[in-house]
Structures are given as structure tokens and as C-alpha cells.
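protein_27.cif, holding mmCIF, N, CA and C atoms:
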```cif
data_data
#
loop_
_atom_site.label_atom_id
_atom_site.label_comp_id
_atom_site.auth_asym_id
_atom_site.auth_seq_id
_atom_site.Cartn_x
_atom_site.Cartn_y
_atom_site.Cartn_z
N GLN B 1 0.84 -1.19 0.00
CA GLN B 1 0.00 0.00 0.00
C GLN B 1 0.88 1.24 0.00
N VAL B 2 0.56 2.18 -0.86
CA VAL B 2 1.32 3.42 -0.96
C VAL B 2 0.45 4.56 -0.45
N GLN B 3 0.99 5.34 0.44
CA GLN B 3 0.27 6.53 0.91
C GLN B 3 0.83 7.76 0.24
N VAL B 4 -0.07 8.61 -0.19
CA VAL B 4 0.29 9.82 -0.91
C VAL B 4 -0.34 11.01 -0.19
N VAL B 5 0.46 12.00 0.14
CA VAL B 5 -0.04 13.15 0.91
C VAL B 5 0.43 14.44 0.26
N GLU B 6 -0.54 15.27 -0.11
CA GLU B 6 -0.21 16.57 -0.70
C GLU B 6 -0.16 17.66 0.37
N SER B 7 0.61 18.70 0.09
CA SER B 7 0.64 19.88 0.95
C SER B 7 1.02 21.09 0.12
N GLY B 8 0.80 22.27 0.69
CA GLY B 8 1.24 23.50 0.04
C GLY B 8 0.15 24.30 -0.63
N GLY B 9 -1.07 23.79 -0.63
CA GLY B 9 -2.15 24.57 -1.21
C GLY B 9 -2.46 25.80 -0.36
N GLY B 10 -3.29 26.65 -0.93
CA GLY B 10 -3.67 27.84 -0.18
C GLY B 10 -4.30 28.88 -1.07
N PHE B 11 -4.25 30.11 -0.58
CA PHE B 11 -4.89 31.24 -1.23
C PHE B 11 -3.80 32.16 -1.75
N VAL B 12 -3.92 32.57 -3.01
CA VAL B 12 -2.91 33.45 -3.60
C VAL B 12 -3.58 34.38 -4.60
N GLN B 13 -3.00 35.54 -4.78
CA GLN B 13 -3.54 36.47 -5.77
C GLN B 13 -3.04 36.12 -7.17
N ALA B 14 -3.81 36.51 -8.15
CA ALA B 14 -3.43 36.26 -9.55
C ALA B 14 -2.03 36.81 -9.81
N ALA B 15 -1.29 36.08 -10.63
CA ALA B 15 0.11 36.37 -10.98
C ALA B 15 1.09 35.92 -9.91
N GLY B 16 0.57 35.41 -8.79
CA GLY B 16 1.44 34.92 -7.74
C GLY B 16 1.90 33.50 -7.98
N SER B 17 2.59 32.93 -6.99
CA SER B 17 3.16 31.59 -7.10
C SER B 17 2.83 30.75 -5.87
N LEU B 18 2.80 29.46 -6.07
CA LEU B 18 2.68 28.48 -5.00
C LEU B 18 3.50 27.27 -5.38
N ARG B 19 3.97 26.55 -4.37
CA ARG B 19 4.62 25.27 -4.63
C ARG B 19 3.90 24.19 -3.85
N LEU B 20 3.43 23.20 -4.57
CA LEU B 20 2.81 22.04 -3.95
C LEU B 20 3.85 20.94 -3.77
N SER B 21 3.70 20.21 -2.68
CA SER B 21 4.56 19.07 -2.42
C SER B 21 3.70 17.83 -2.26
N CYS B 22 4.29 16.70 -2.60
CA CYS B 22 3.59 15.42 -2.48
C CYS B 22 4.58 14.40 -1.95
N ALA B 23 4.28 13.89 -0.78
CA ALA B 23 5.12 12.87 -0.16
C ALA B 23 4.46 11.51 -0.35
N ALA B 24 5.24 10.56 -0.82
CA ALA B 24 4.72 9.21 -1.03
C ALA B 24 5.53 8.22 -0.21
N SER B 25 4.83 7.30 0.41
CA SER B 25 5.50 6.29 1.23
C SER B 25 6.04 5.18 0.35
N GLY B 26 6.86 4.36 0.93
CA GLY B 26 7.36 3.20 0.20
C GLY B 26 8.83 3.33 -0.14
N ARG B 27 9.52 2.23 -0.01
CA ARG B 27 10.96 2.22 -0.28
C ARG B 27 11.26 2.28 -1.77
N VAL B 28 10.23 2.06 -2.60
CA VAL B 28 10.46 2.03 -4.03
C VAL B 28 9.84 3.22 -4.73
N PHE B 29 9.78 4.35 -4.03
CA PHE B 29 9.22 5.57 -4.63
C PHE B 29 9.88 5.87 -5.96
N ARG B 30 11.16 5.58 -6.03
CA ARG B 30 11.91 5.91 -7.25
C ARG B 30 11.44 5.11 -8.45
N THR B 31 10.62 4.08 -8.22
CA THR B 31 10.11 3.28 -9.35
C THR B 31 8.74 3.76 -9.81
N TYR B 32 8.16 4.76 -9.14
CA TYR B 32 6.82 5.23 -9.49
C TYR B 32 6.91 6.41 -10.45
N HIS B 33 6.08 6.38 -11.47
CA HIS B 33 5.79 7.63 -12.18
C HIS B 33 4.81 8.41 -11.31
N MET B 34 4.89 9.73 -11.37
CA MET B 34 4.03 10.56 -10.53
C MET B 34 3.30 11.59 -11.38
N GLY B 35 2.09 11.90 -10.97
CA GLY B 35 1.31 12.89 -11.69
C GLY B 35 0.59 13.83 -10.75
N TRP B 36 0.34 15.03 -11.25
CA TRP B 36 -0.53 16.00 -10.59
C TRP B 36 -1.76 16.19 -11.46
N PHE B 37 -2.91 16.15 -10.82
CA PHE B 37 -4.18 16.40 -11.48
C PHE B 37 -4.89 17.52 -10.72
N ARG B 38 -5.88 18.10 -11.36
CA ARG B 38 -6.74 19.04 -10.66
C ARG B 38 -8.18 18.76 -11.04
N GLN B 39 -9.04 19.18 -10.16
CA GLN B 39 -10.46 18.89 -10.36
C GLN B 39 -11.28 20.12 -10.00
N TYR B 40 -12.12 20.53 -10.94
CA TYR B 40 -13.09 21.59 -10.71
C TYR B 40 -14.38 20.95 -10.20
N PRO B 41 -15.21 21.72 -9.54
CA PRO B 41 -16.47 21.16 -9.04
C PRO B 41 -17.30 20.51 -10.15
N ALA B 42 -17.76 19.33 -9.90
CA ALA B 42 -18.62 18.57 -10.82
C ALA B 42 -17.93 18.24 -12.14
N LYS B 43 -16.61 18.28 -12.15
CA LYS B 43 -15.86 17.92 -13.36
C LYS B 43 -14.92 16.76 -13.07
N GLU B 44 -14.48 16.10 -14.14
CA GLU B 44 -13.51 15.02 -13.98
C GLU B 44 -12.11 15.62 -13.72
N ARG B 45 -11.28 14.81 -13.14
CA ARG B 45 -9.89 15.24 -12.91
C ARG B 45 -9.17 15.36 -14.24
N GLN B 46 -8.36 16.40 -14.34
CA GLN B 46 -7.61 16.63 -15.57
C GLN B 46 -6.12 16.71 -15.25
N ILE B 47 -5.33 16.27 -16.18
CA ILE B 47 -3.89 16.25 -15.97
C ILE B 47 -3.33 17.67 -15.87
N VAL B 48 -2.45 17.85 -14.91
CA VAL B 48 -1.69 19.09 -14.81
C VAL B 48 -0.26 18.83 -15.28
N ALA B 49 0.35 17.79 -14.71
CA ALA B 49 1.73 17.46 -15.08
C ALA B 49 2.03 16.04 -14.64
N ALA B 50 3.00 15.44 -15.31
CA ALA B 50 3.44 14.09 -14.96
C ALA B 50 4.95 14.02 -15.11
N ILE B 51 5.57 13.13 -14.34
CA ILE B 51 7.02 12.99 -14.38
C ILE B 51 7.36 11.52 -14.28
N SER B 52 8.34 11.11 -15.07
CA SER B 52 8.76 9.72 -15.07
C SER B 52 9.51 9.37 -13.80
N ARG B 53 9.72 8.09 -13.59
CA ARG B 53 10.30 7.64 -12.33
C ARG B 53 11.70 8.19 -12.11
N ASP B 54 12.45 8.42 -13.17
CA ASP B 54 13.80 8.95 -12.99
C ASP B 54 13.87 10.46 -13.17
N GLY B 55 12.73 11.08 -13.41
CA GLY B 55 12.69 12.52 -13.61
C GLY B 55 13.13 12.99 -14.98
N GLY B 56 13.45 12.04 -15.85
CA GLY B 56 13.98 12.41 -17.15
C GLY B 56 12.94 12.86 -18.16
N ALA B 57 11.69 12.55 -17.92
CA ALA B 57 10.61 12.95 -18.83
C ALA B 57 9.52 13.64 -18.04
N THR B 58 9.06 14.76 -18.57
CA THR B 58 7.96 15.51 -17.95
C THR B 58 6.93 15.86 -19.00
N TYR B 59 5.69 15.93 -18.59
CA TYR B 59 4.60 16.25 -19.48
C TYR B 59 3.67 17.23 -18.76
N TYR B 60 3.03 18.10 -19.55
CA TYR B 60 2.18 19.12 -18.98
C TYR B 60 0.87 19.24 -19.75
N GLY B 61 -0.17 19.59 -19.01
CA GLY B 61 -1.41 19.95 -19.66
C GLY B 61 -1.24 21.27 -20.41
N ASP B 62 -1.99 21.44 -21.47
CA ASP B 62 -1.80 22.62 -22.32
C ASP B 62 -1.99 23.92 -21.56
N SER B 63 -2.90 23.95 -20.62
CA SER B 63 -3.23 25.20 -19.94
C SER B 63 -2.16 25.66 -18.95
N VAL B 64 -1.22 24.79 -18.63
CA VAL B 64 -0.20 25.16 -17.63
C VAL B 64 1.21 25.20 -18.21
N LYS B 65 1.37 24.83 -19.45
CA LYS B 65 2.70 24.83 -20.06
C LYS B 65 3.33 26.22 -19.98
N GLY B 66 4.58 26.24 -19.56
CA GLY B 66 5.29 27.50 -19.45
C GLY B 66 5.08 28.22 -18.13
N ARG B 67 4.13 27.74 -17.32
CA ARG B 67 3.86 28.37 -16.03
C ARG B 67 4.16 27.44 -14.86
N PHE B 68 3.90 26.15 -15.04
CA PHE B 68 4.07 25.17 -13.97
C PHE B 68 5.28 24.29 -14.29
N THR B 69 5.93 23.82 -13.23
CA THR B 69 7.06 22.91 -13.38
C THR B 69 6.94 21.77 -12.37
N ILE B 70 7.02 20.55 -12.88
CA ILE B 70 7.01 19.38 -12.00
C ILE B 70 8.44 18.90 -11.82
N SER B 71 8.76 18.46 -10.62
CA SER B 71 10.09 17.92 -10.34
C SER B 71 9.95 16.90 -9.22
N ARG B 72 11.02 16.17 -8.98
CA ARG B 72 10.97 15.17 -7.92
C ARG B 72 12.31 15.04 -7.24
N GLY B 73 12.26 14.66 -5.98
CA GLY B 73 13.45 14.37 -5.22
C GLY B 73 13.30 12.96 -4.67
N ASN B 74 13.91 12.01 -5.35
CA ASN B 74 13.70 10.61 -4.97
C ASN B 74 14.29 10.29 -3.59
N ALA B 75 15.32 10.98 -3.22
CA ALA B 75 15.88 10.74 -1.90
C ALA B 75 14.90 11.11 -0.80
N ALA B 76 14.04 12.07 -1.09
CA ALA B 76 13.06 12.53 -0.11
C ALA B 76 11.67 11.96 -0.36
N ASN B 77 11.56 11.07 -1.35
CA ASN B 77 10.24 10.49 -1.69
C ASN B 77 9.20 11.58 -1.92
N THR B 78 9.59 12.61 -2.63
CA THR B 78 8.71 13.76 -2.79
C THR B 78 8.69 14.24 -4.24
N VAL B 79 7.53 14.66 -4.67
CA VAL B 79 7.38 15.30 -5.97
C VAL B 79 6.80 16.68 -5.74
N TYR B 80 7.20 17.62 -6.58
CA TYR B 80 6.83 19.01 -6.40
C TYR B 80 6.11 19.55 -7.63
N LEU B 81 5.28 20.54 -7.40
CA LEU B 81 4.67 21.28 -8.51
C LEU B 81 4.83 22.76 -8.22
N GLN B 82 5.73 23.39 -8.95
CA GLN B 82 5.93 24.83 -8.84
C GLN B 82 4.96 25.51 -9.78
N MET B 83 4.12 26.37 -9.23
CA MET B 83 3.08 27.03 -10.02
C MET B 83 3.34 28.53 -10.01
N ASN B 84 3.64 29.06 -11.18
CA ASN B 84 3.91 30.49 -11.33
C ASN B 84 2.85 31.15 -12.20
N ARG B 85 2.78 32.46 -12.10
CA ARG B 85 1.82 33.26 -12.92
C ARG B 85 0.43 32.64 -12.81
N LEU B 86 0.01 32.41 -11.60
CA LEU B 86 -1.28 31.77 -11.38
C LEU B 86 -2.43 32.64 -11.84
N LYS B 87 -3.47 31.98 -12.31
CA LYS B 87 -4.67 32.65 -12.81
C LYS B 87 -5.88 32.17 -12.01
N PRO B 88 -6.94 32.94 -11.99
CA PRO B 88 -8.16 32.47 -11.31
C PRO B 88 -8.64 31.11 -11.83
N ASP B 89 -8.42 30.84 -13.11
CA ASP B 89 -8.84 29.54 -13.68
C ASP B 89 -8.05 28.37 -13.13
N ASP B 90 -6.96 28.65 -12.42
CA ASP B 90 -6.19 27.57 -11.79
C ASP B 90 -6.80 27.15 -10.46
N THR B 91 -7.82 27.85 -10.01
CA THR B 91 -8.49 27.49 -8.76
C THR B 91 -9.13 26.12 -8.90
N ALA B 92 -8.73 25.20 -8.04
CA ALA B 92 -9.20 23.82 -8.10
C ALA B 92 -8.63 23.05 -6.92
N VAL B 93 -9.07 21.83 -6.78
CA VAL B 93 -8.42 20.90 -5.85
C VAL B 93 -7.35 20.14 -6.63
N TYR B 94 -6.16 20.13 -6.12
CA TYR B 94 -5.02 19.49 -6.77
C TYR B 94 -4.71 18.16 -6.09
N PHE B 95 -4.56 17.13 -6.92
CA PHE B 95 -4.29 15.79 -6.43
C PHE B 95 -2.95 15.29 -6.97
N CYS B 96 -2.27 14.55 -6.13
CA CYS B 96 -1.05 13.86 -6.52
C CYS B 96 -1.37 12.38 -6.64
N ALA B 97 -0.72 11.72 -7.59
CA ALA B 97 -1.01 10.32 -7.83
C ALA B 97 0.24 9.57 -8.24
N ALA B 98 0.26 8.28 -7.94
CA ALA B 98 1.40 7.43 -8.26
C ALA B 98 0.99 6.33 -9.23
N ASP B 99 1.81 6.14 -10.24
CA ASP B 99 1.63 5.07 -11.22
C ASP B 99 2.74 4.07 -11.00
N THR B 100 2.39 2.86 -10.60
CA THR B 100 3.40 1.87 -10.24
C THR B 100 3.76 0.93 -11.39
N SER B 101 3.29 1.23 -12.58
CA SER B 101 3.59 0.36 -13.72
C SER B 101 5.10 0.34 -14.00
N PRO B 102 5.62 -0.83 -14.41
CA PRO B 102 7.04 -0.91 -14.79
C PRO B 102 7.32 -0.36 -16.18
N LEU B 103 6.26 -0.04 -16.94
CA LEU B 103 6.44 0.45 -18.30
C LEU B 103 6.93 1.89 -18.29
N PRO B 104 7.63 2.31 -19.31
CA PRO B 104 8.05 3.72 -19.39
C PRO B 104 6.84 4.65 -19.43
N LEU B 105 6.95 5.82 -18.84
CA LEU B 105 5.83 6.76 -18.85
C LEU B 105 5.49 7.19 -20.27
N SER B 106 6.48 7.24 -21.13
CA SER B 106 6.23 7.63 -22.51
C SER B 106 5.27 6.68 -23.22
N GLY B 107 5.18 5.45 -22.73
CA GLY B 107 4.28 4.48 -23.32
C GLY B 107 2.95 4.37 -22.61
N ARG B 108 2.72 5.25 -21.67
CA ARG B 108 1.51 5.23 -20.87
C ARG B 108 0.63 6.43 -21.22
N ASN B 109 -0.65 6.30 -20.95
CA ASN B 109 -1.55 7.45 -21.12
C ASN B 109 -1.48 8.32 -19.87
N TYR B 110 -0.36 9.03 -19.74
CA TYR B 110 -0.07 9.76 -18.51
C TYR B 110 -1.17 10.80 -18.19
N TYR B 111 -1.94 11.21 -19.18
CA TYR B 111 -2.97 12.23 -18.99
C TYR B 111 -4.27 11.64 -18.45
N SER B 112 -4.33 10.31 -18.37
CA SER B 112 -5.55 9.65 -17.91
C SER B 112 -5.43 9.29 -16.44
N ALA B 113 -6.42 9.69 -15.66
CA ALA B 113 -6.42 9.35 -14.24
C ALA B 113 -6.48 7.85 -14.01
N LEU B 114 -6.94 7.11 -15.00
CA LEU B 114 -7.15 5.67 -14.84
C LEU B 114 -5.86 4.89 -14.63
N ILE B 115 -4.73 5.41 -15.10
CA ILE B 115 -3.49 4.62 -15.01
C ILE B 115 -2.83 4.75 -13.64
N TYR B 116 -3.29 5.67 -12.82
CA TYR B 116 -2.65 5.92 -11.54
C TYR B 116 -3.30 5.04 -10.46
N ASP B 117 -2.44 4.44 -9.65
CA ASP B 117 -2.91 3.44 -8.70
C ASP B 117 -3.22 4.01 -7.33
N TYR B 118 -2.51 5.05 -6.95
CA TYR B 118 -2.67 5.59 -5.61
C TYR B 118 -2.83 7.11 -5.69
N TRP B 119 -3.71 7.61 -4.85
CA TRP B 119 -4.06 9.03 -4.87
C TRP B 119 -4.00 9.63 -3.47
N GLY B 120 -3.65 10.91 -3.43
CA GLY B 120 -3.76 11.64 -2.20
C GLY B 120 -5.16 12.19 -2.02
N GLN B 121 -5.37 12.89 -0.92
CA GLN B 121 -6.68 13.44 -0.60
C GLN B 121 -6.95 14.77 -1.29
N GLY B 122 -5.91 15.38 -1.81
CA GLY B 122 -6.09 16.65 -2.51
C GLY B 122 -5.80 17.85 -1.63
N THR B 123 -5.42 18.93 -2.28
CA THR B 123 -5.17 20.19 -1.59
C THR B 123 -5.79 21.32 -2.40
N GLN B 124 -6.47 22.22 -1.73
CA GLN B 124 -7.19 23.29 -2.42
C GLN B 124 -6.23 24.42 -2.78
N VAL B 125 -6.34 24.88 -4.01
CA VAL B 125 -5.62 26.07 -4.46
C VAL B 125 -6.66 27.08 -4.91
N THR B 126 -6.61 28.26 -4.36
CA THR B 126 -7.56 29.31 -4.71
C THR B 126 -6.78 30.54 -5.16
N VAL B 127 -7.09 31.01 -6.37
CA VAL B 127 -6.41 32.17 -6.94
C VAL B 127 -7.44 33.28 -7.11
N SER B 128 -7.20 34.39 -6.48
CA SER B 128 -8.14 35.51 -6.57
C SER B 128 -7.72 36.47 -7.67
N SER B 129 -8.69 37.11 -8.26
CA SER B 129 -8.43 38.05 -9.36
C SER B 129 -8.13 39.44 -8.82
#
```
Please express what this file holds, its structure, as C-alpha cells.
Amino acid sequence: QVQVVESGGGFVQAAGSLRLSCAASGRVFRTYHMGWFRQYPAKERQIVAAISRDGGATYYGDSVKGRFTISRGNAANTVYLQMNRLKPDDTAVYFCAADTSPLPLSGRNYYSALIYDYWGQGTQVTVSS
């Protein structure tokens, strides 16, 4: 069983920045691909960013490209989401998720919530105009 815990959400003004952190349990964190999703009320979760197990490949949703950066520190079992130039449309609950598949992330549908095996409880991000 893998536990995933997000932190770092909060309230920020438009054009500001936040950094989300996600801590995952397990001695084999370095073997997990990790993703960040967000969810608007009454909507399905949508991909924000994903990172391969070794950090060598990253992918982003179109709406956050150039503003958000995903990274990971395998020694600390943590993945990060640096969010810059935030907009009111970024207001959502942000979830971290782990994909334990042995396949390369490039061969996975990283944008689909279905491939991720473990999820955190989510952290609220609110951006005011």
C-alpha cells in the first residue's frame, strides 16, 4: 500500500506563485511515475503534469505549459509542482497520484487518471483576481 499526501495549497492572488509538495511512502518511490491532477467542481480530474520515475521525462497539460514545473526528489520520496503566474482559472483541488507500472511513462496514457494506482486526498488552491 502506498500513501500519498499533498501539501502546500492555499490562497494566492493572480500572478502569484505556490509550490505544492507530495510525499509518497514506500521504499520504491523511485520506481513510481508521478502525476498531478486538478479537479473543478462537478468535473472530472484533468492532468496538470506528470514525471517519469527517474525525472527524465515531464509532461504538462496545455493550460499550464510555461507556467508550472514538475520535479521530484527521490531521496526525499517527494514530488513538487511549482506554479507560477497563477490565474483564477487555476483554482481547483489538486491531487497527486502514483503510477506503479514498470512500463516507461512515454508508453503510458499519462494524462488519464485511470493509469494511476494511488491518490492523495487533494489540496485546495484558490487564486483571486
Could you give me the residues within stretch 2-105 of chain B that DSSP places in helix (DSSP H, G or I), as a ChimeraX atom specification?
-> /B:29-31,74-76,88-90,105
Output the selection as a PDB file, in the coordinates of the input - N, CA and C atoms for each residue.
```pdb
ATOM      1  N   PHE B  29       9.780   4.350  -4.030  1.00  0.00           N
ATOM      2  CA  PHE B  29       9.220   5.570  -4.630  1.00  0.00           C
ATOM      3  C   PHE B  29       9.880   5.870  -5.960  1.00  0.00           C
ATOM      4  N   ARG B  30      11.160   5.580  -6.030  1.00  0.00           N
ATOM      5  CA  ARG B  30      11.910   5.910  -7.250  1.00  0.00           C
ATOM      6  C   ARG B  30      11.440   5.110  -8.450  1.00  0.00           C
ATOM      7  N   THR B  31      10.620   4.080  -8.220  1.00  0.00           N
ATOM      8  CA  THR B  31      10.110   3.280  -9.350  1.00  0.00           C
ATOM      9  C   THR B  31       8.740   3.760  -9.810  1.00  0.00           C
ATOM     10  N   ASN B  74      13.910  12.010  -5.350  1.00  0.00           N
ATOM     11  CA  ASN B  74      13.700  10.610  -4.970  1.00  0.00           C
ATOM     12  C   ASN B  74      14.290  10.290  -3.590  1.00  0.00           C
ATOM     13  N   ALA B  75      15.320  10.980  -3.220  1.00  0.00           N
ATOM     14  CA  ALA B  75      15.880  10.740  -1.900  1.00  0.00           C
ATOM     15  C   ALA B  75      14.900  11.110  -0.800  1.00  0.00           C
ATOM     16  N   ALA B  76      14.040  12.070  -1.090  1.00  0.00           N
ATOM     17  CA  ALA B  76      13.060  12.530  -0.110  1.00  0.00           C
ATOM     18  C   ALA B  76      11.670  11.960  -0.360  1.00  0.00           C
ATOM     19  N   PRO B  88      -6.940  32.940 -11.990  1.00  0.00           N
ATOM     20  CA  PRO B  88      -8.160  32.470 -11.310  1.00  0.00           C
ATOM     21  C   PRO B  88      -8.640  31.110 -11.830  1.00  0.00           C
ATOM     22  N   ASP B  89      -8.420  30.840 -13.110  1.00  0.00           N
ATOM     23  CA  ASP B  89      -8.840  29.540 -13.680  1.00  0.00           C
ATOM     24  C   ASP B  89      -8.050  28.370 -13.130  1.00  0.00           C
ATOM     25  N   ASP B  90      -6.960  28.650 -12.420  1.00  0.00           N
ATOM     26  CA  ASP B  90      -6.190  27.570 -11.790  1.00  0.00           C
ATOM     27  C   ASP B  90      -6.800  27.150 -10.460  1.00  0.00           C
ATOM     28  N   LEU B 105       6.950   5.820 -18.840  1.00  0.00           N
ATOM     29  CA  LEU B 105       5.830   6.760 -18.850  1.00  0.00           C
ATOM     30  C   LEU B 105       5.490   7.190 -20.270  1.00  0.00           C
TER      31      LEU B 105
END
```
Would you please work out which residue, of B:Tyr118, B:Asn84, B:Pro41, B:Ser129, is nearest to B:Gln3 when using all atoms listed in the file?
-> B:Tyr118
Using all atoms listed in the file, pick whichever of B:Gly56, B:Pro102, B:Pro88, B:Gly73 has the shortest atom-to-atom distance to B:Gln13.
->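 Closest residue, counting all atoms listed in the file: B:Pro88.
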Could you pull the residues within 8 Å of B:Gly55, counting only N, CA and C atoms, minus those fewer than 6 positions along the same chain, as a ChimeraX atom specification?
-> /B:30,33,70-73
Residue selection dump (N, CA and C atoms) as a PDB file, in the coordinates of the input:
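Output (part_18.pdb):
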```
ATOM      1  N   ARG B  30      11.160   5.580  -6.030  1.00  0.00           N
ATOM      2  CA  ARG B  30      11.910   5.910  -7.250  1.00  0.00           C
ATOM      3  C   ARG B  30      11.440   5.110  -8.450  1.00  0.00           C
ATOM      4  N   HIS B  33       6.080   6.380 -11.470  1.00  0.00           N
ATOM      5  CA  HIS B  33       5.790   7.630 -12.180  1.00  0.00           C
ATOM      6  C   HIS B  33       4.810   8.410 -11.310  1.00  0.00           C
ATOM      7  N   ILE B  70       7.020  20.550 -12.880  1.00  0.00           N
ATOM      8  CA  ILE B  70       7.010  19.380 -12.000  1.00  0.00           C
ATOM      9  C   ILE B  70       8.440  18.900 -11.820  1.00  0.00           C
ATOM     10  N   SER B  71       8.760  18.460 -10.620  1.00  0.00           N
ATOM     11  CA  SER B  71      10.090  17.920 -10.340  1.00  0.00           C
ATOM     12  C   SER B  71       9.950  16.900  -9.220  1.00  0.00           C
ATOM     13  N   ARG B  72      11.020  16.170  -8.980  1.00  0.00           N
ATOM     14  CA  ARG B  72      10.970  15.170  -7.920  1.00  0.00           C
ATOM     15  C   ARG B  72      12.310  15.040  -7.240  1.00  0.00           C
ATOM     16  N   GLY B  73      12.260  14.660  -5.980  1.00  0.00           N
ATOM     17  CA  GLY B  73      13.450  14.370  -5.220  1.00  0.00           C
ATOM     18  C   GLY B  73      13.300  12.960  -4.670  1.00  0.00           C
TER      19      GLY B  73
END
```
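Here atom C of B:Gly122 and atom N of B:Thr69 stand 17.5 Å from one another.
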Going by DSSP on the backbone, which bits of chain B are strand (DSSP E)? Write them as a count of residues only, please.
-> 59
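Nearest to B:Asp62 of all the residues B:Val93, B:Leu81, B:Val48, B:Val5 is B:Val48, counting only C-alpha atoms.
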Rounded to one decimal in Å, what is the spacing between atom N of B:Ser52 and atom CA of B:Phe11?
-> 27.8 Å
Dump as a PyMOL selection string all residues having an atom at most 8 Å from (-11.8, 26.1, -14.1), computed in the file's coordinates with only N, CA and C atoms.
-> chain B and resi 39-41+88-92
